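Report on the structure given below.
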Amino acid sequence: MISELAEAFGYGFMQRALIVGVLVSLCAALLGTSLVLKRYSMIGDGLSHVGYGAFAIAAAAGIAPLWFAIPIVVAAAFLLLRITGKGKMGGDSAVAILSSSALALGMIVLALCRVSIDVNSYMFGSILALKENDVILSVICSVLVCVMYILFYNRIFAVTFDESFASATGVRSGLYNSLISVLTAVVIVVGMRLMGALLISSLTIFPSLTAMRVCRSFRNVTICSAAVSVGCFTAGLIASYYLDIPTGAGIVVLNLAVFLIFALIGWIRERK
């Protein structure tokens, strides 16, 4: 078994997938805890659809898709934050409008420009699509997310649970919301290459919801969700290699299985 794993991870694409996937899973879980508790869990889905539209335009224009998509998705994150912050539109409505519009625009661009690309890799991800730039960007992003949580944990906690009170005590809520939105946007863009536009949001939602079945404190939920996310990704990547199934789909199904197990454990604990 060990020799087979060593052989599998001897390939460059598997090494890149493992590094990017573990780091993206870790970042997505940490950021996802705040997003889920603030009821912004669907922002990942909306941003991934914007990323798909940006990737499509970049492919049609012959531009490097990663560096073109990042500023577009970051701008979309700020737009969603501003719309929901001003109370002009509900968060779910804003995400629905933006995501469907971006997805439709991307499909139209690809159709009009007759671009020859593998649409399935955009929609469902492909470990073969990962490049060296993805590894570098995932490392930078994971360092920024971890440093932010270590240095500003108490402020993130305050902003997550009571933004008005946090602002009243001098915490710059808008700044921390912006940081979380920007980092989420970057994580979504990098993770899309691996998970696809339709599945990447699962990395921000499943681990936190799973941890909440058995953990009660914010700290424990954050740590548990990070461990679940990284563990499910690693196991899903290995399973997809041996079973010859789509990597993204395998990771999501494994996350679902772990969620159901944790939900059962939580239910048993409540019954006692």
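Identifiers in this document derive from the order of the structure tokens: chains are assigned A, B, ..., residues are numbered from 1 separately in each chain, and ligands are numbered from 1 in order of occurrence.
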Practice task
List every residue of stretch 9-181 of chain A that DSSP, applied to the backbone of this structure, places in helix (DSSP H, G or I), and write the result as a PyMOL selection string.
Solution key: chain A and resi 12-37+43-61+65-85+91-113+119-124+127-129+132-151+153-161+163-168+173-181
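Candidate residues A:Arg82, A:Arg114, A:Arg39, A:Arg271 were compared for distance to A:Ala56, and the nearest is A:Arg114, using only C-alpha atoms.
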Can you pull out the residues contacting stretch 201-208 of chain A? Cut-off 6 Å, using only C-alpha atoms, and skip same-chain residues under 4 positions away; I want them as an mmCIF file with N, CA and C atoms, in the first residue's frame.
```cif
data_model
loop_
_atom_site.group_PDB
_atom_site.id
_atom_site.type_symbol
_atom_site.label_atom_id
_atom_site.label_comp_id
_atom_site.auth_asym_id
_atom_site.auth_seq_id
_atom_site.Cartn_x
_atom_site.Cartn_y
_atom_site.Cartn_z
ATOM 1 N N ALA A 28 -10.168 27.272 2.937
ATOM 2 C CA ALA A 28 -11.613 27.274 2.749
ATOM 3 C C ALA A 28 -12.346 26.942 4.035
ATOM 4 N N ALA A 29 -11.795 26.008 4.818
ATOM 5 C CA ALA A 29 -12.425 25.630 6.089
ATOM 6 C C ALA A 29 -12.366 26.769 7.094
ATOM 7 N N GLY A 32 -14.537 29.515 5.775
ATOM 8 C CA GLY A 32 -15.916 29.043 5.716
ATOM 9 C C GLY A 32 -16.615 29.064 7.059
ATOM 10 N N THR A 33 -15.870 28.894 8.146
ATOM 11 C CA THR A 33 -16.480 28.940 9.477
ATOM 12 C C THR A 33 -17.147 30.287 9.723
ATOM 13 N N GLY A 44 -19.471 31.580 -1.725
ATOM 14 C CA GLY A 44 -18.506 30.769 -2.459
ATOM 15 C C GLY A 44 -19.073 30.280 -3.774
ATOM 16 N N ASP A 45 -20.341 29.892 -3.768
ATOM 17 C CA ASP A 45 -20.992 29.433 -4.991
ATOM 18 C C ASP A 45 -21.090 30.575 -5.996
ATOM 19 N N SER A 225 -13.114 21.826 11.785
ATOM 20 C CA SER A 225 -13.458 21.964 10.365
ATOM 21 C C SER A 225 -12.207 21.925 9.492
ATOM 22 N N VAL A 228 -11.119 18.253 9.345
ATOM 23 C CA VAL A 228 -12.049 17.492 8.499
ATOM 24 C C VAL A 228 -11.811 17.808 7.030
ATOM 25 N N SER A 229 -11.639 19.091 6.725
ATOM 26 C CA SER A 229 -11.463 19.509 5.339
ATOM 27 C C SER A 229 -10.206 18.913 4.726
#
```
Handout entry: Residue with smallest distance to A:Leu237 - pool A:Leu144, A:Val186, A:Val135, A:Met195, counting only C-alpha atoms
Key =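 Residue with the minimum atom-to-atom distance to A:Leu237: A:Met195.
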Exercise for the section: Quick one: everything within 10 Å of A:Asn177, counting only C-alpha atoms, minus sequence neighbours fewer than 5 positions away in the same chain. Send it as a ChimeraX atom specification. Expected result: /A:34-35,78,81,156,159-160,163,172,182
Problem - Pick from A:Ala77, A:Ile136, A:Ala158, A:Leu23 nearest to A:Lys38, counting only C-alpha atoms - result: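 That would be A:Ala158, the residue with the smallest distance to A:Lys38.
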Problem - Residues near stretch 211-214 of chain A, cut-off 8 Å, only C-alpha atoms, skip fewer than 5 positions along chain, as a list in words - result: Val221, Thr222, Cys224, Ser225, Val228, Phe262, Ala263, Ile265 and Gly266 of chain A
Problem - Non-local contacts of stretch 244-250 of chain A (7 Å; only C-alpha atoms; under 5 positions in same chain excluded) as a ChimeraX atom specification - result: /A:124-125,194-195,199,236-237
Excluding same-chain residues fewer than 5 positions from stretch 147-151 of chain A, what lies within 10 Å of it counting only C-alpha atoms, as a PDB file with all heavy atoms, in the first residue's frame?
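Output file result06.pdb follows:
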```
ATOM      1  N   LEU A  30     -11.198  27.421   7.194  1.00  0.00           N
ATOM      2  CA  LEU A  30     -11.057  28.531   8.141  1.00  0.00           C
ATOM      3  C   LEU A  30     -11.972  29.694   7.772  1.00  0.00           C
ATOM      4  O   LEU A  30     -12.698  30.234   8.624  1.00  0.00           O
ATOM      5  CB  LEU A  30      -9.599  28.999   8.177  1.00  0.00           C
ATOM      6  CG  LEU A  30      -8.577  28.006   8.734  1.00  0.00           C
ATOM      7  CD1 LEU A  30      -7.165  28.559   8.598  1.00  0.00           C
ATOM      8  CD2 LEU A  30      -8.888  27.677  10.190  1.00  0.00           C
ATOM      9  N   LEU A  31     -11.948  30.082   6.510  1.00  0.00           N
ATOM     10  CA  LEU A  31     -12.807  31.178   6.067  1.00  0.00           C
ATOM     11  C   LEU A  31     -14.276  30.769   6.095  1.00  0.00           C
ATOM     12  O   LEU A  31     -15.155  31.575   6.410  1.00  0.00           O
ATOM     13  CB  LEU A  31     -12.406  31.605   4.652  1.00  0.00           C
ATOM     14  CG  LEU A  31     -10.999  32.190   4.505  1.00  0.00           C
ATOM     15  CD1 LEU A  31     -10.622  32.309   3.028  1.00  0.00           C
ATOM     16  CD2 LEU A  31     -10.902  33.550   5.173  1.00  0.00           C
ATOM     17  N   CYS A 141      -1.566  32.339  -0.194  1.00  0.00           N
ATOM     18  CA  CYS A 141      -2.899  32.530   0.371  1.00  0.00           C
ATOM     19  C   CYS A 141      -3.035  31.835   1.719  1.00  0.00           C
ATOM     20  O   CYS A 141      -3.603  32.402   2.669  1.00  0.00           O
ATOM     21  CB  CYS A 141      -3.943  31.998  -0.606  1.00  0.00           C
ATOM     22  SG  CYS A 141      -5.646  32.404  -0.157  1.00  0.00           S
ATOM     23  N   SER A 142      -2.507  30.626   1.836  1.00  0.00           N
ATOM     24  CA  SER A 142      -2.626  29.892   3.102  1.00  0.00           C
ATOM     25  C   SER A 142      -1.843  30.590   4.214  1.00  0.00           C
ATOM     26  O   SER A 142      -2.291  30.629   5.368  1.00  0.00           O
ATOM     27  CB  SER A 142      -2.118  28.458   2.926  1.00  0.00           C
ATOM     28  OG  SER A 142      -0.748  28.436   2.572  1.00  0.00           O
ATOM     29  N   ILE A 156     -11.851  38.553  14.706  1.00  0.00           N
ATOM     30  CA  ILE A 156     -12.651  37.775  13.753  1.00  0.00           C
ATOM     31  C   ILE A 156     -13.827  37.131  14.473  1.00  0.00           C
ATOM     32  O   ILE A 156     -14.950  37.090  13.950  1.00  0.00           O
ATOM     33  CB  ILE A 156     -11.773  36.703  13.074  1.00  0.00           C
ATOM     34  CG1 ILE A 156     -10.732  37.378  12.186  1.00  0.00           C
ATOM     35  CG2 ILE A 156     -12.631  35.751  12.249  1.00  0.00           C
ATOM     36  CD1 ILE A 156      -9.714  36.422  11.591  1.00  0.00           C
ATOM     37  N   PHE A 157     -13.582  36.638  15.677  1.00  0.00           N
ATOM     38  CA  PHE A 157     -14.648  36.059  16.482  1.00  0.00           C
ATOM     39  C   PHE A 157     -15.745  37.096  16.745  1.00  0.00           C
ATOM     40  O   PHE A 157     -16.939  36.813  16.592  1.00  0.00           O
ATOM     41  CB  PHE A 157     -14.074  35.556  17.811  1.00  0.00           C
ATOM     42  CG  PHE A 157     -15.099  35.081  18.791  1.00  0.00           C
ATOM     43  CD1 PHE A 157     -15.604  33.790  18.725  1.00  0.00           C
ATOM     44  CD2 PHE A 157     -15.581  35.926  19.794  1.00  0.00           C
ATOM     45  CE1 PHE A 157     -16.556  33.354  19.639  1.00  0.00           C
ATOM     46  CE2 PHE A 157     -16.518  35.491  20.702  1.00  0.00           C
ATOM     47  CZ  PHE A 157     -17.018  34.206  20.628  1.00  0.00           C
ATOM     48  N   TYR A 176     -12.160  43.783   8.352  1.00  0.00           N
ATOM     49  CA  TYR A 176     -12.054  42.328   8.484  1.00  0.00           C
ATOM     50  C   TYR A 176     -13.008  41.603   7.540  1.00  0.00           C
ATOM     51  O   TYR A 176     -12.672  40.541   7.003  1.00  0.00           O
ATOM     52  CB  TYR A 176     -12.297  41.915   9.935  1.00  0.00           C
ATOM     53  CG  TYR A 176     -11.175  42.348  10.841  1.00  0.00           C
ATOM     54  CD1 TYR A 176     -11.290  43.471  11.661  1.00  0.00           C
ATOM     55  CD2 TYR A 176      -9.961  41.670  10.854  1.00  0.00           C
ATOM     56  CE1 TYR A 176     -10.238  43.894  12.462  1.00  0.00           C
ATOM     57  CE2 TYR A 176      -8.914  42.079  11.653  1.00  0.00           C
ATOM     58  CZ  TYR A 176      -9.064  43.199  12.454  1.00  0.00           C
ATOM     59  OH  TYR A 176      -8.014  43.605  13.232  1.00  0.00           O
ATOM     60  N   LEU A 179     -11.188  41.694   4.252  1.00  0.00           N
ATOM     61  CA  LEU A 179     -10.096  40.721   4.214  1.00  0.00           C
ATOM     62  C   LEU A 179     -10.618  39.311   3.975  1.00  0.00           C
ATOM     63  O   LEU A 179     -10.079  38.561   3.150  1.00  0.00           O
ATOM     64  CB  LEU A 179      -9.309  40.761   5.522  1.00  0.00           C
ATOM     65  CG  LEU A 179      -8.324  41.918   5.703  1.00  0.00           C
ATOM     66  CD1 LEU A 179      -7.742  41.893   7.109  1.00  0.00           C
ATOM     67  CD2 LEU A 179      -7.212  41.848   4.671  1.00  0.00           C
ATOM     68  N   ILE A 180     -11.677  38.952   4.694  1.00  0.00           N
ATOM     69  CA  ILE A 180     -12.265  37.623   4.530  1.00  0.00           C
ATOM     70  C   ILE A 180     -12.800  37.451   3.117  1.00  0.00           C
ATOM     71  O   ILE A 180     -12.623  36.393   2.487  1.00  0.00           O
ATOM     72  CB  ILE A 180     -13.381  37.393   5.569  1.00  0.00           C
ATOM     73  CG1 ILE A 180     -12.775  37.298   6.973  1.00  0.00           C
ATOM     74  CG2 ILE A 180     -14.169  36.126   5.249  1.00  0.00           C
ATOM     75  CD1 ILE A 180     -13.806  37.233   8.089  1.00  0.00           C
ATOM     76  N   THR A 222     -13.605  25.780  14.426  1.00  0.00           N
ATOM     77  CA  THR A 222     -12.590  26.180  13.454  1.00  0.00           C
ATOM     78  C   THR A 222     -11.521  25.112  13.298  1.00  0.00           C
ATOM     79  O   THR A 222     -11.161  24.731  12.176  1.00  0.00           O
ATOM     80  CB  THR A 222     -11.932  27.508  13.894  1.00  0.00           C
ATOM     81  OG1 THR A 222     -12.931  28.519  14.018  1.00  0.00           O
ATOM     82  CG2 THR A 222     -10.901  27.950  12.870  1.00  0.00           C
TER      83      THR A 222
END
```
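Comparing A:Tyr52, A:Ile140, A:Val24, A:Ser178 by their smallest distance to A:Ala75, the closest is A:Ser178 (using only C-alpha atoms).
The shortest atom-to-atom distance to A:Gly21, with only C-alpha atoms taken into account, belongs to A:Phe233 out of A:Trp67, A:Phe259, A:Tyr40, A:Phe233.
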Handout entry: Interatomic distance, atom CA of A:Val109 to atom CA of A:Pro71 (Å, one decimal)
Key =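 We find that atom CA of A:Val109 and atom CA of A:Pro71 lie 18.9 Å from each other.
With only C-alpha atoms as the atoms that count, the residue of A:Asn133, A:Thr210, A:Arg219, A:Ile251 with the shortest distance to A:Tyr153 is A:Arg219.
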